[in-house]
Amino acid sequence: MVREDRLGLCFAEVVKRRLEGGYPESVVVFTDGSKVPGTVQVVGQTEPVVANVGDDVILPCTLRTSSSTVNAVEESVEWQRLDLQPKENPSYTGRTALFKGEMKNGSVSLKLTGVKQSDAGNYTCFIPTLKSPFQKAMVQLIIGAVSQPDVSMVGIDYTGVVLDCEARGLIYRPEMTWWDSDGNILPADGPTEIETDSEGRYTVRGHVTVQRTDNNTFTCRVLQQQINHTMETEICVKDRMFPDTSQSWWNGWWWGWGFGGLTWGLILGLIVVVLYILKRKGLLKGFNENSQTNGTSERNENPQENQNSLLNGNGRTNGNLLNGDIPHADDSV
């Protein structure tokens, strides 16, 4: 029978028949076929239980044979963590309970509320009153993250609304993805940022720009592949936060022209600066003198032609003077 004064929670408080009935999640029963058929045995869960800080969890444990469950109401139940000292650890006070309504069905599972990071470890479900060599089963509790992913709106531009997602305290390297309400993966704004702290736990961050949809609901999902643990947080963006689509094209056009104009302005400015530096150093003056010298050389390439031009010009001038400019001797003044 269940003792009136304690349930033998060696790592926790002395519990006085603080048995609860029911829990939102069903307790999964696991059997071990390697044990003798018909033998009553304590069976735990082979896969680790993964929880986040602050969650309420169930550590599954069942009293059963290979074919059916066994009534555990008359048994004494102890849950232990052998790595804790003292065994009756005050950090579990008020946070543990069994399920009164399920014990007749063989369930001796433990409900642990308000999970802390220090709760991670291997737990033993022990029924000392059981007349069987299989009185114990082990369940591992892993604290997958310090908190659920935190999603927030960080900006608005002409393409849509920018969302940010961050998850901290992850024990395995995470993967982050963004989803819309139709189950489509959204392209992130660049690669996901992943950092580790002094304890080797991961922090992951990512951004995505979303456009207006039927319900404007988006989800950030973080997966720790090694333990098959998924966390997700949903956000609903108000419709008025999205930019006016009638202005998006115009804004994009101005953005393009503005960026192009700025680029050309920088190029022209750079050219002016280079020319100014060359002028200050006298390099442009030498270039101009060379240009003038080349022009003079071109003019002197045909000196004979130049000389004939001058002579012809003088001949015409002399002719004009002889024919009309010098008075005749018989002219009287």
# chains A, B, ... in the order shown; residues from 1 in each chain; ligands from 1

$ residues_around --residues "Thr192 (chain A)" --least-positions-apart "4" --cutoff "9 Å" --atoms "only C-alpha atoms" --output "list of chain:residue names"
A:Glu175, A:Met176, A:Ala188, A:Val204, A:Arg205, A:Gly206, A:His207

$ write_last_selection --atoms "all heavy atoms" --output "PDB file, in the first residue's frame"
ATOM      1  N   GLU A 175      18.917  24.321 -35.209  1.00  0.00           N
ATOM      2  CA  GLU A 175      18.557  24.761 -36.551  1.00  0.00           C
ATOM      3  C   GLU A 175      17.291  25.603 -36.439  1.00  0.00           C
ATOM      4  O   GLU A 175      16.339  25.211 -35.772  1.00  0.00           O
ATOM      5  CB  GLU A 175      18.308  23.561 -37.472  1.00  0.00           C
ATOM      6  CG  GLU A 175      19.483  22.609 -37.601  1.00  0.00           C
ATOM      7  CD  GLU A 175      19.132  21.356 -38.375  1.00  0.00           C
ATOM      8  OE1 GLU A 175      18.010  21.329 -38.960  1.00  0.00           O
ATOM      9  OE2 GLU A 175      19.933  20.410 -38.384  1.00  0.00           O
ATOM     10  N   MET A 176      17.290  26.768 -37.101  1.00  0.00           N
ATOM     11  CA  MET A 176      16.130  27.661 -37.040  1.00  0.00           C
ATOM     12  C   MET A 176      15.480  27.779 -38.405  1.00  0.00           C
ATOM     13  O   MET A 176      16.165  27.958 -39.414  1.00  0.00           O
ATOM     14  CB  MET A 176      16.542  29.054 -36.535  1.00  0.00           C
ATOM     15  CG  MET A 176      15.399  30.065 -36.502  1.00  0.00           C
ATOM     16  SD  MET A 176      15.912  31.711 -35.920  1.00  0.00           S
ATOM     17  CE  MET A 176      16.166  31.366 -34.178  1.00  0.00           C
ATOM     18  N   ALA A 188      14.987  33.117 -44.937  1.00  0.00           N
ATOM     19  CA  ALA A 188      15.485  34.013 -43.893  1.00  0.00           C
ATOM     20  C   ALA A 188      16.303  35.141 -44.498  1.00  0.00           C
ATOM     21  O   ALA A 188      16.806  35.041 -45.623  1.00  0.00           O
ATOM     22  CB  ALA A 188      16.322  33.235 -42.890  1.00  0.00           C
ATOM     23  N   VAL A 204      20.738  31.059 -30.497  1.00  0.00           N
ATOM     24  CA  VAL A 204      20.524  31.157 -31.942  1.00  0.00           C
ATOM     25  C   VAL A 204      19.607  32.340 -32.219  1.00  0.00           C
ATOM     26  O   VAL A 204      18.639  32.583 -31.500  1.00  0.00           O
ATOM     27  CB  VAL A 204      19.928  29.842 -32.502  1.00  0.00           C
ATOM     28  CG1 VAL A 204      18.620  29.485 -31.820  1.00  0.00           C
ATOM     29  CG2 VAL A 204      19.741  29.935 -34.004  1.00  0.00           C
ATOM     30  N   ARG A 205      19.947  33.100 -33.285  1.00  0.00           N
ATOM     31  CA  ARG A 205      19.155  34.265 -33.689  1.00  0.00           C
ATOM     32  C   ARG A 205      18.966  34.247 -35.194  1.00  0.00           C
ATOM     33  O   ARG A 205      19.834  33.791 -35.938  1.00  0.00           O
ATOM     34  CB  ARG A 205      19.845  35.578 -33.303  1.00  0.00           C
ATOM     35  CG  ARG A 205      20.097  35.766 -31.827  1.00  0.00           C
ATOM     36  CD  ARG A 205      20.698  37.136 -31.551  1.00  0.00           C
ATOM     37  NE  ARG A 205      21.150  37.269 -30.175  1.00  0.00           N
ATOM     38  CZ  ARG A 205      22.348  36.929 -29.739  1.00  0.00           C
ATOM     39  NH1 ARG A 205      23.225  36.443 -30.604  1.00  0.00           N
ATOM     40  NH2 ARG A 205      22.671  37.065 -28.480  1.00  0.00           N
ATOM     41  N   GLY A 206      17.828  34.789 -35.642  1.00  0.00           N
ATOM     42  CA  GLY A 206      17.563  34.872 -37.075  1.00  0.00           C
ATOM     43  C   GLY A 206      16.522  35.924 -37.371  1.00  0.00           C
ATOM     44  O   GLY A 206      15.748  36.333 -36.496  1.00  0.00           O
ATOM     45  N   HIS A 207      16.523  36.403 -38.631  1.00  0.00           N
ATOM     46  CA  HIS A 207      15.570  37.423 -39.074  1.00  0.00           C
ATOM     47  C   HIS A 207      14.864  36.948 -40.337  1.00  0.00           C
ATOM     48  O   HIS A 207      15.398  36.140 -41.107  1.00  0.00           O
ATOM     49  CB  HIS A 207      16.279  38.748 -39.377  1.00  0.00           C
ATOM     50  CG  HIS A 207      16.961  39.364 -38.201  1.00  0.00           C
ATOM     51  ND1 HIS A 207      18.213  38.957 -37.784  1.00  0.00           N
ATOM     52  CD2 HIS A 207      16.569  40.343 -37.343  1.00  0.00           C
ATOM     53  CE1 HIS A 207      18.563  39.668 -36.726  1.00  0.00           C
ATOM     54  NE2 HIS A 207      17.588  40.508 -36.442  1.00  0.00           N
TER      55      HIS A 207
END

$ residues_around --residues "Asp189 (chain A)" --least-positions-apart "4" --cutoff "10 Å" --atoms "only C-alpha atoms" --output "PDB file with N, CA and C atoms, in the first residue's frame"
ATOM      1  N   VAL A 162       9.867  43.141 -40.727  1.00  0.00           N
ATOM      2  CA  VAL A 162      11.036  42.360 -40.336  1.00  0.00           C
ATOM      3  C   VAL A 162      10.808  41.772 -38.947  1.00  0.00           C
ATOM      4  N   LEU A 163      10.924  40.441 -38.839  1.00  0.00           N
ATOM      5  CA  LEU A 163      10.753  39.738 -37.574  1.00  0.00           C
ATOM      6  C   LEU A 163      12.091  39.187 -37.089  1.00  0.00           C
ATOM      7  N   ASP A 164      12.250  39.145 -35.761  1.00  0.00           N
ATOM      8  CA  ASP A 164      13.462  38.620 -35.131  1.00  0.00           C
ATOM      9  C   ASP A 164      13.079  37.464 -34.219  1.00  0.00           C
ATOM     10  N   GLY A 206      17.828  34.789 -35.642  1.00  0.00           N
ATOM     11  CA  GLY A 206      17.563  34.872 -37.075  1.00  0.00           C
ATOM     12  C   GLY A 206      16.522  35.924 -37.371  1.00  0.00           C
ATOM     13  N   HIS A 207      16.523  36.403 -38.631  1.00  0.00           N
ATOM     14  CA  HIS A 207      15.570  37.423 -39.074  1.00  0.00           C
ATOM     15  C   HIS A 207      14.864  36.948 -40.337  1.00  0.00           C
ATOM     16  N   VAL A 208      13.675  37.469 -40.540  1.00  0.00           N
ATOM     17  CA  VAL A 208      12.936  37.198 -41.766  1.00  0.00           C
ATOM     18  C   VAL A 208      12.060  38.412 -42.073  1.00  0.00           C
ATOM     19  N   THR A 209      11.900  38.693 -43.366  1.00  0.00           N
ATOM     20  CA  THR A 209      10.993  39.753 -43.802  1.00  0.00           C
ATOM     21  C   THR A 209       9.753  39.100 -44.384  1.00  0.00           C
TER      22      THR A 209
END

$ atom_distance --atom1 "CA of Tyr202 (chain A)" --atom2 "CA of Val146 (chain A)"
10.1 Å

$ closest_residue --among "A:Thr39, A:Gln45, A:Thr113, A:Asn105" --to "Val57 (chain A)" --atoms "only C-alpha atoms"
A:Thr113

$ atom_distance --atom1 "CA of Ile143 (chain A)" --atom2 "CA of Ala51 (chain A)"
5.0 Å

$ closest_residue --among "A:Ser118, A:Thr96, A:Asn228, A:Ser132" --to "Asp83 (chain A)" --atoms "only C-alpha atoms"
A:Ser118

$ residues_around --residues "region 231-234 of chain A" --least-positions-apart "5" --cutoff "10 Å" --atoms "only C-alpha atoms" --output "list in words"
Ala51, Asn52, Gly144, Ala145, Ser147, Gln148, Pro149, Asp150, Val151, Ser152, Cys165, Ala167, Met176, Thr177, Trp178, Trp179, Asp180, Ser181, Thr217, Phe218, Thr219, Cys220, Arg221, Val222, Leu223 and Gln224 of chain A

$ select_by_dssp --residues "region 45-249 of chain A" --states "helix (DSSP H, G or I)" --output "PyMOL selection string"
chain A and resi 90-92+100-105+117-119+225-227+239-241+245-249
